[in-house]
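So this block is input29.txt, compact mmCIF, C-alpha atoms and all ligand atoms:
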```txt
# COMPACT_ATOMS: atom_id res chain seq x y z
CA MET A 882 84.16 78.53 102.38
CA THR A 883 81.36 79.74 104.68
CA LEU A 884 81.20 83.15 106.37
CA SER A 885 81.95 81.63 109.77
CA GLU A 886 85.05 80.00 108.26
CA VAL A 887 86.03 83.41 106.90
CA ARG A 888 85.60 84.92 110.37
CA ARG A 889 87.75 82.18 111.92
CA PHE A 890 90.41 82.86 109.27
CA LEU A 891 90.40 86.59 110.10
CA GLN A 892 90.54 85.85 113.87
CA ALA A 893 93.65 83.71 113.35
CA VAL A 894 95.65 86.40 111.52
CA ALA A 895 98.48 86.48 114.06
CA THR A 896 98.91 82.69 114.26
CA HIS A 897 98.48 81.52 110.66
CA LEU A 898 100.78 83.85 108.81
CA VAL A 899 102.54 81.25 106.68
CA GLU A 900 99.59 79.30 105.25
CA ARG A 901 97.47 82.42 104.80
CA ASP A 902 95.51 82.19 101.52
CA ALA A 903 93.81 85.55 101.30
CA ALA A 904 92.70 85.07 97.66
CA ALA A 905 90.37 82.18 98.55
CA VAL A 906 88.84 84.23 101.38
CA LYS A 907 88.36 87.22 99.11
CA ALA A 908 86.62 85.05 96.51
CA ALA A 909 84.35 83.57 99.20
CA LEU A 910 83.37 87.08 100.35
CA VAL A 911 82.65 88.29 96.81
CA GLY A 912 80.41 85.24 96.21
CA ALA A 913 78.55 85.56 99.51
CA LYS A 914 78.03 89.28 98.93
CA SER A 915 76.43 88.92 95.51
CA GLU A 916 74.10 86.23 96.93
CA ALA A 917 73.13 88.54 99.80
CA VAL A 918 72.45 91.41 97.36
CA ALA A 919 70.35 89.11 95.14
CA ARG A 920 68.23 88.20 98.17
CA GLY A 921 67.90 91.89 99.07
CA GLU A 922 69.73 91.35 102.40
CA GLN A 923 71.30 94.82 102.76
CA ALA A 924 72.47 94.31 106.35
CA GLU A 925 74.23 91.07 105.42
CA ALA A 926 75.84 92.63 102.34
CA LYS A 927 77.12 95.45 104.55
CA ALA A 928 78.50 92.99 107.13
CA ILE A 929 80.37 91.24 104.29
CA TRP A 930 81.73 94.58 103.04
CA CYS A 931 83.10 95.10 106.57
CA LEU A 932 84.83 91.70 106.46
CA GLU A 933 86.34 92.65 103.08
CA GLN A 934 87.84 95.76 104.70
CA VAL A 935 89.17 93.67 107.61
CA LEU A 936 90.82 91.27 105.16
CA ASP A 937 92.30 94.19 103.26
CA ILE A 938 93.58 95.91 106.42
CA GLN A 939 95.25 92.71 107.62
CA GLY A 940 96.76 92.00 104.19
CA ARG A 941 98.16 95.50 103.75
CA TYR A 942 99.52 95.63 107.29
CA LEU A 943 101.29 92.28 106.82
CA ARG A 944 102.66 93.42 103.46
CA ALA A 945 103.85 96.74 104.93
CA PHE A 946 105.72 94.84 107.65
CA ASP A 947 107.33 92.61 105.03
CA LEU A 948 108.28 95.62 102.88
CA LEU A 949 109.86 97.30 105.91
CA LYS A 950 111.90 94.14 106.59
CA HIS A 951 113.13 94.43 102.97
CA GLU A 952 113.87 98.15 103.35
CA GLU A 953 111.17 99.16 100.85
CA PHE A 954 110.22 102.07 103.05
CA TYR A 955 108.12 104.23 100.74
CA LYS A 956 106.06 101.26 99.47
CA ALA A 957 105.43 100.27 103.08
CA TRP A 958 104.36 103.83 103.85
CA CYS A 959 101.74 103.71 101.06
CA ASP A 960 100.26 100.46 102.43
CA LEU A 961 100.12 101.92 105.94
CA GLU A 962 98.28 104.96 104.52
CA GLN A 963 95.74 102.59 102.94
CA VAL A 964 95.35 100.80 106.29
CA GLU A 965 94.64 104.13 107.98
CA ILE A 966 92.06 105.10 105.31
CA ARG A 967 90.22 101.78 105.71
CA PHE A 968 90.00 102.27 109.46
CA VAL A 969 88.24 105.59 108.75
CA TRP A 970 85.86 103.85 106.32
CA LEU A 971 85.03 101.13 108.85
CA GLU A 972 84.50 103.47 111.77
CA SER A 973 80.79 104.19 111.31
CA HIS A 974 79.87 100.65 110.20
CA PHE A 975 81.71 98.23 112.41
CA ARG A 976 82.61 98.15 116.10
CA PRO A 977 85.04 95.30 116.72
CA ALA A 978 84.79 93.64 120.13
CA GLY A 979 88.08 94.09 121.99
CA ASP A 980 90.99 93.17 119.74
CA GLU A 981 88.74 91.24 117.34
CA TYR A 982 90.62 90.34 114.13
CA ARG A 983 93.61 92.05 115.79
CA LEU A 984 92.28 95.37 114.49
CA ALA A 985 93.10 97.37 117.63
CA THR A 986 96.67 96.04 117.58
CA ILE A 987 97.10 96.73 113.85
CA GLU A 988 95.74 100.27 114.23
CA ARG A 989 98.09 101.05 117.14
CA LEU A 990 101.17 99.53 115.48
CA THR A 991 100.37 101.32 112.19
CA LEU A 992 100.24 104.71 113.92
CA GLN A 993 103.47 103.94 115.78
CA LEU A 994 105.27 102.93 112.57
CA GLN A 995 104.08 106.12 110.86
CA GLU A 996 105.62 108.14 113.73
CA LEU A 997 109.04 106.68 112.90
CA PHE A 998 108.97 107.62 109.22
CA PRO A 999 111.09 110.64 108.39
CA TYR A 1000 108.52 112.19 106.02
CA ALA A 1001 107.30 115.62 107.08
CA VAL A 1002 106.31 117.49 103.92
CA PHE A 1003 103.89 116.31 101.24
CA ALA A 1004 102.67 117.64 97.92
CA SER A 1005 98.96 118.33 97.87
CA ALA A 1006 96.95 118.92 94.70
CA GLU A 1007 93.90 121.09 94.99
CA ILE A 1008 91.20 119.95 92.59
CA ILE A 1009 88.23 122.20 91.92
CA ALA A 1010 85.38 119.86 91.02
CA LYS A 1011 82.98 121.10 88.33
CA GLU A 1012 81.05 117.88 88.06
CA LYS A 1013 80.72 114.88 90.38
CA GLN A 1014 79.11 111.53 89.87
CA CYS A 1015 77.66 109.15 92.49
CA THR A 1016 79.57 105.83 92.47
CA ILE A 1017 76.38 103.92 93.36
CA CYS A 1018 73.82 105.19 90.83
CA GLY A 1019 76.06 107.03 88.36
CA GLN A 1020 73.93 110.19 88.53
CA LYS A 1021 75.60 113.60 88.23
CA VAL A 1022 75.22 115.21 91.64
CA SER A 1023 75.51 118.69 93.10
CA LEU A 1024 74.25 120.37 96.29
CA ARG A 1025 71.07 121.40 94.47
CA ASN A 1026 70.70 118.11 92.71
CA PRO A 1027 71.37 115.25 95.19
CA CYS A 1028 70.75 111.62 94.22
CA GLY A 1029 69.74 110.43 97.67
CA HIS A 1030 72.81 108.27 98.30
CA ARG A 1031 74.98 109.28 101.21
CA VAL A 1032 78.78 109.37 100.83
CA GLY A 1033 80.37 106.71 103.07
CA GLU A 1034 77.16 104.66 103.39
CA ILE A 1035 77.06 101.07 102.12
CA TYR A 1036 74.56 100.17 99.38
CA ASP A 1037 74.40 96.64 97.95
CA GLY A 1038 77.68 95.95 99.75
CA GLU A 1039 79.61 98.86 98.17
CA MET A 1040 80.64 102.14 99.74
CA CYS A 1041 79.16 105.29 98.22
CA GLY A 1042 81.63 107.90 96.98
CA ARG A 1043 81.82 110.80 94.57
CA GLU A 1044 83.89 110.61 91.42
CA ILE A 1045 85.05 113.86 89.90
CA THR A 1046 84.12 113.64 86.20
CA ASP A 1047 85.11 117.21 85.36
CA GLY A 1048 87.51 119.34 87.32
CA GLU A 1049 90.33 121.79 87.27
CA LEU A 1050 93.69 121.54 88.97
CA GLY A 1051 93.77 124.52 91.32
CA GLY A 1052 97.45 124.16 92.10
CA VAL A 1053 99.92 122.04 93.99
CA SER A 1054 101.17 123.06 97.38
CA LEU A 1055 103.57 121.62 99.93
CA THR A 1056 101.97 120.93 103.28
CA ASP A 1057 102.50 118.92 106.45
CA LYS A 1058 98.77 118.13 106.74
CA PRO A 1059 97.46 117.00 103.35
CA ALA A 1060 94.25 115.01 102.74
CA ASN A 1061 96.40 111.98 102.02
CA ARG A 1062 100.10 111.49 102.45
CA TYR A 1063 101.27 109.60 99.36
CA ALA A 1064 103.01 112.46 97.62
CA VAL A 1065 106.18 112.46 99.70
CA ALA A 1066 108.59 115.17 98.59
CA PHE A 1067 111.69 113.30 97.36
CA THR A 1068 114.38 115.82 96.64
CA GLY A 1069 117.58 113.79 96.61
CA PRO A 1070 119.92 113.83 93.61
CA GLU A 1071 118.99 111.86 90.47
CA GLY A 1072 119.62 108.14 90.89
CA GLU A 1073 119.11 108.22 94.66
CA ARG A 1074 115.97 110.28 94.96
CA ASP A 1075 115.05 108.80 98.32
CA HIS A 1076 117.40 110.79 100.52
CA TYR A 1077 115.55 110.13 103.77
CA ASP A 1078 117.10 108.69 106.89
CA TYR A 1079 115.25 105.53 107.92
CA SER A 1080 117.63 104.53 110.72
CA MET A 1081 114.93 104.50 113.39
CA LEU A 1082 112.80 102.06 111.40
CA ARG A 1083 115.85 99.96 110.54
CA GLU A 1084 116.85 99.56 114.16
CA LEU A 1085 113.31 98.77 115.26
CA LEU A 1086 112.77 96.19 112.52
CA ALA A 1087 116.06 94.48 113.35
CA ARG A 1088 114.61 93.78 116.80
CA LEU A 1089 111.16 92.54 115.74
CA GLN A 1090 110.56 88.92 114.74
CA GLY A 1091 107.03 89.24 113.40
CA PRO A 1092 104.33 91.81 112.59
CA PHE A 1093 102.50 91.23 115.88
CA ASP A 1094 105.49 91.53 118.22
CA ASP A 1095 104.61 94.17 120.76
CA TRP A 1096 106.47 97.47 120.98
CA SER A 1097 105.65 101.03 121.97
CA VAL A 1098 107.04 104.50 121.38
CA GLU A 1099 106.93 107.68 123.43
CA LEU A 1100 107.69 111.13 121.98
CA SER A 1101 108.71 114.16 123.98
CA THR A 1102 110.57 117.42 123.41
CA ALA A 1103 114.21 117.58 124.45
CA HIS A 1104 116.90 120.28 124.20
CA LEU A 1105 120.39 119.77 122.81
CA PRO A 1106 123.03 122.02 124.42
CA HIS A 1107 123.92 125.18 122.46
CA GLU A 1108 127.64 124.25 122.71
CA ARG A 1109 127.04 121.71 119.94
CA TYR A 1110 126.23 124.57 117.62
CA LYS A 1111 129.07 126.96 118.49
CA ASP A 1112 130.02 127.24 114.80
CA LEU A 1113 126.54 128.40 113.89
CA GLY A 1114 125.86 132.13 113.40
CA ARG A 1115 123.00 133.94 115.11
CA ASN A 1116 121.53 134.70 111.67
CA ASP A 1117 121.83 131.14 110.35
CA SER A 1118 118.66 129.06 110.16
CA CYS A 1119 117.86 127.29 113.40
CA PRO A 1120 119.02 123.66 113.56
CA CYS A 1121 115.61 122.59 114.96
CA GLY A 1122 114.19 122.81 111.44
CA SER A 1123 111.76 125.68 112.09
CA GLU A 1124 113.22 127.69 109.16
CA LEU A 1125 113.50 130.70 111.48
CA LYS A 1126 116.81 132.38 112.26
CA TYR A 1127 118.68 130.78 115.17
CA LYS A 1128 118.50 134.04 117.17
CA HIS A 1129 114.73 134.26 116.75
CA CYS A 1130 114.18 130.61 117.63
CA CYS A 1131 116.01 128.17 119.90
CA LEU A 1132 118.83 130.54 120.91
CA LYS A 1133 116.29 131.97 123.35
CA GLU A 1134 115.56 128.46 124.68
CA PRO A 1135 117.58 126.32 127.12
CA GLY A 1136 118.88 124.44 124.06
CA VAL A 1137 118.01 123.45 120.49
CA ARG A 1138 114.57 121.84 120.43
CA VAL A 1139 114.53 118.26 119.15
CA MET A 1140 112.15 115.34 119.37
CA HIS A 1141 113.10 112.61 121.81
CA TYR A 1142 111.95 109.12 120.78
CA GLN A 1143 111.94 106.32 123.32
CA LEU A 1144 111.08 102.81 122.21
CA TRP A 1145 110.20 99.77 124.26
CA ILE A 1146 110.39 96.38 122.59
CA GLY A 1147 107.98 93.87 124.15
CA SER A 1148 105.42 94.85 126.74
CA ARG A 1149 106.41 97.87 128.76
CA SER A 1150 106.25 97.06 132.46
CA ALA A 1151 107.40 98.51 135.75
CA ASN A 1152 110.19 95.90 135.70
CA SER A 1153 111.72 97.33 132.53
CA PRO A 1154 111.35 101.10 132.85
CA ASP A 1155 114.32 101.83 130.59
CA PRO A 1156 113.63 102.05 126.86
CA SER A 1157 115.20 99.53 124.48
CA LEU A 1158 116.08 102.29 122.00
CA SER A 1159 116.31 106.04 122.30
CA TRP A 1160 116.94 108.76 119.72
CA VAL A 1161 116.83 112.48 119.39
CA LYS A 1162 115.68 113.73 116.03
CA VAL A 1163 116.85 116.95 114.46
CA ARG A 1164 114.97 118.01 111.35
CA ARG A 1165 114.17 114.89 109.35
CA GLY A 1166 117.28 112.89 110.15
CA ALA A 1167 117.74 110.79 113.27
CA THR A 1168 120.77 110.64 115.51
CA ARG A 1169 121.31 108.07 118.20
CA GLU A 1170 121.38 109.60 121.64
CA GLY A 1171 124.87 110.67 122.59
CA GLU A 1172 126.08 110.95 118.98
CA GLU A 1173 126.96 114.20 117.30
CA ALA A 1174 123.95 115.85 115.68
ZN ZN B 1 73.50 107.97 93.92
ZN ZN B 2 114.74 126.44 116.66
```
As structure tokens, what does this structure read like?
Amino acid sequence: MTLSEVRRFLQAVATHLVERDAAAVKAALVGAKSEAVARGEQAEAKAIWCLEQVLDIQGRYLRAFDLLKHEEFYKAWCDLEQVEIRFVWLESHFRPAGDEYRLATIERLTLQLQELFPYAVFASAEIIAKEKQCTICGQKVSLRNPCGHRVGEIYDGEMCGREITDGELGGVSLTDKPANRYAVAFTGPEGERDHYDYSMLRELLARLQGPFDDWSVELSTAHLPHERYKDLGRNDSCPCGSELKYKHCCLKEPGVRVMHYQLWIGSRSANSPDPSLSWVKVRRGATREGEEA
């Protein structure tokens, strides 16, 4: 398989889903890369590394879509995180033309899917590095003792990173903005640890045929009338999920603050201004518009 055949394969991602043989393409890229490195062709090796990331992004996005169809929500979330990370890696090395390899579409749909996940809090481990090693040359590196390789740059077709070879766990905290978002806080009872409400994703996926079907989502703030919460005391925690007392939070507002999600399936045009699906979301659960919160 030649590199131009590989490129044609990657261009056709949306139309050749069934007969997609990613393993053969991966093998072709690995072979071509080691030849390029042997010839000292750094630019070519880097271009092949970029194609490897494209293949990986496409593969993980397709797998995430499949996992979502099979209600494996957390596994799908982890693949979407990996997709997001690879887009960051690619950013400074590769500028796709338009929607080349469907990357722009995959990036947009990945972000949209992530918006519909109910996860909000993640565990984050703080690691204090005592010793780091360059993944390219293996040298121990510090600020005073650099090896000359730049983190994120591509050398011999591999991305340079730093591996922590000696470190200390500084502590684990719960945060809504961690470095990565794999450590979802599952707090459900034993046996059904995943207590999250995935109804938004379920309803979306039921309406999508394939991973490249177009859809869009719009988020805004809405207010639910206070009458819905008549049984709630002024000193109870606010139903918006802020963890403040009701009287110090939304009771001062026109209503209880919630997120309003509006989804359009297919291309959104002036002819179809009404959303296909609409929800308001209180805390981490979702309620269909009009239903009791
Ligand atoms: Zn190095
Ligand atoms: Zn509130």
Of the listed residues A:Gln1014, A:Ser1159, A:Ser1123, A:Gln993, that which approaches ligand ZN 1 (chain B) most closely, counting all atoms listed in the file: A:Gln1014
Surroundings of ligand ZN 2 (chain B) up to 6 Å, based on only C-alpha atoms and all ligand atoms, as an MDAnalysis selection string: chainID A and resid 1119:1121 1123 1130:1131 1137:1138
Selected residue of minimal separation from Arg1115 in chain A among A:Lys1162, A:Lys927, A:Arg1062, A:Lys1128, counting only C-alpha atoms: A:Lys1128
Atomic distance CA of Phe975 in chain A - CA of Ala904 in chain A, expressed in Å with one decimal: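 Here the two named atoms are 22.6 Å from each other.
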All residues having an atom within 7 Å of ligand ZN 1 (chain B) (all atoms listed in the file) as a VMD selection string: chain A and resid 1015 to 1020 1028 to 1030
Asp1155 in chain A environment, 10 Å, only C-alpha atoms, sequence neighbours closer than 5 positions dropped, as a ChimeraX atom specification: /A:1143-1145,1149-1150
Nearest candidate to Leu997 in chain A (options A:Met882, A:Val1163, A:Val911, A:Val1098; using all atoms listed in the file): A:Val1098
Nearest-residue call for Ala895 in chain A, choices A:Ser973, A:Ser915, A:Thr986, A:Thr883, using all atoms listed in the file: A:Thr986
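In terms of minimum interatomic distance to Glu1034 in chain A, A:Glu972 ranks closest within A:Asp1112, A:Glu933, A:Asp960, A:Glu972, counting only C-alpha atoms.
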Pick from A:Phe890, A:Tyr1110, A:Tyr1127, A:Trp1160, whichever lies nearest to Val1139 in chain A using only C-alpha atoms: A:Trp1160
Separation of CA of Lys914 in chain A from CA of Leu884 in chain A, in Å and rounded to one decimal: 10.1 Å
Test item: residues at most 9 Å from Gly1147 in chain A, only C-alpha atoms, excluding those fewer than 6 positions along its chain, as number ranges by chain: A: 1094-1097
Expected file: the selected residues, C-alpha atoms, as an mmCIF file, keeping the file's coordinate frame:
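New file selection09.cif:
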```cif
data_model
loop_
_atom_site.group_PDB
_atom_site.id
_atom_site.type_symbol
_atom_site.label_atom_id
_atom_site.label_comp_id
_atom_site.auth_asym_id
_atom_site.auth_seq_id
_atom_site.Cartn_x
_atom_site.Cartn_y
_atom_site.Cartn_z
ATOM 1 C CA ASP A 1094 105.490 91.530 118.220
ATOM 2 C CA ASP A 1095 104.610 94.170 120.760
ATOM 3 C CA TRP A 1096 106.470 97.470 120.980
ATOM 4 C CA SER A 1097 105.650 101.030 121.970
#
```
Coordinates-based distance that separates CA of Leu910 in chain A from CA of Gln892 in chain A (Å, one decimal):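 Separating CA of Gln892 in chain A from CA of Leu910 in chain A is a distance of 15.4 Å.
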Spatial neighbours of Gln995 in chain A, max dist 8 Å, all atoms listed in the file, sep filter under 4 positions, as a PyMOL selection string: chain A and resi 958+961+991
Test item: residues at most 10 Å from Thr1046 in chain A, all atoms listed in the file, excluding those fewer than 3 positions along its chain, as a PyMOL selection string: chain A and resi 1010-1014+1021+1043
Neighbourhood query: residues within 12 Å of (98.0, 103.6, 109.8), file coordinates, counting only C-alpha atoms; return as a short mmCIF file (atom, residue, chain, number, x, y, z; two decimals) with C-alpha atoms, keeping the file's coordinate frame.
```
data_model
loop_
_atom_site.label_atom_id
_atom_site.label_comp_id
_atom_site.auth_asym_id
_atom_site.auth_seq_id
_atom_site.Cartn_x
_atom_site.Cartn_y
_atom_site.Cartn_z
CA ILE A 938 93.58 95.91 106.42
CA GLN A 939 95.25 92.71 107.62
CA ARG A 941 98.16 95.50 103.75
CA TYR A 942 99.52 95.63 107.29
CA ALA A 945 103.85 96.74 104.93
CA PHE A 946 105.72 94.84 107.65
CA ALA A 957 105.43 100.27 103.08
CA TRP A 958 104.36 103.83 103.85
CA CYS A 959 101.74 103.71 101.06
CA ASP A 960 100.26 100.46 102.43
CA LEU A 961 100.12 101.92 105.94
CA GLU A 962 98.28 104.96 104.52
CA GLN A 963 95.74 102.59 102.94
CA VAL A 964 95.35 100.80 106.29
CA GLU A 965 94.64 104.13 107.98
CA ILE A 966 92.06 105.10 105.31
CA ARG A 967 90.22 101.78 105.71
CA PHE A 968 90.00 102.27 109.46
CA VAL A 969 88.24 105.59 108.75
CA LEU A 984 92.28 95.37 114.49
CA ALA A 985 93.10 97.37 117.63
CA THR A 986 96.67 96.04 117.58
CA ILE A 987 97.10 96.73 113.85
CA GLU A 988 95.74 100.27 114.23
CA ARG A 989 98.09 101.05 117.14
CA LEU A 990 101.17 99.53 115.48
CA THR A 991 100.37 101.32 112.19
CA LEU A 992 100.24 104.71 113.92
CA GLN A 993 103.47 103.94 115.78
CA LEU A 994 105.27 102.93 112.57
CA GLN A 995 104.08 106.12 110.86
CA GLU A 996 105.62 108.14 113.73
CA LEU A 997 109.04 106.68 112.90
CA PHE A 998 108.97 107.62 109.22
CA ASN A 1061 96.40 111.98 102.02
CA ARG A 1062 100.10 111.49 102.45
#
```
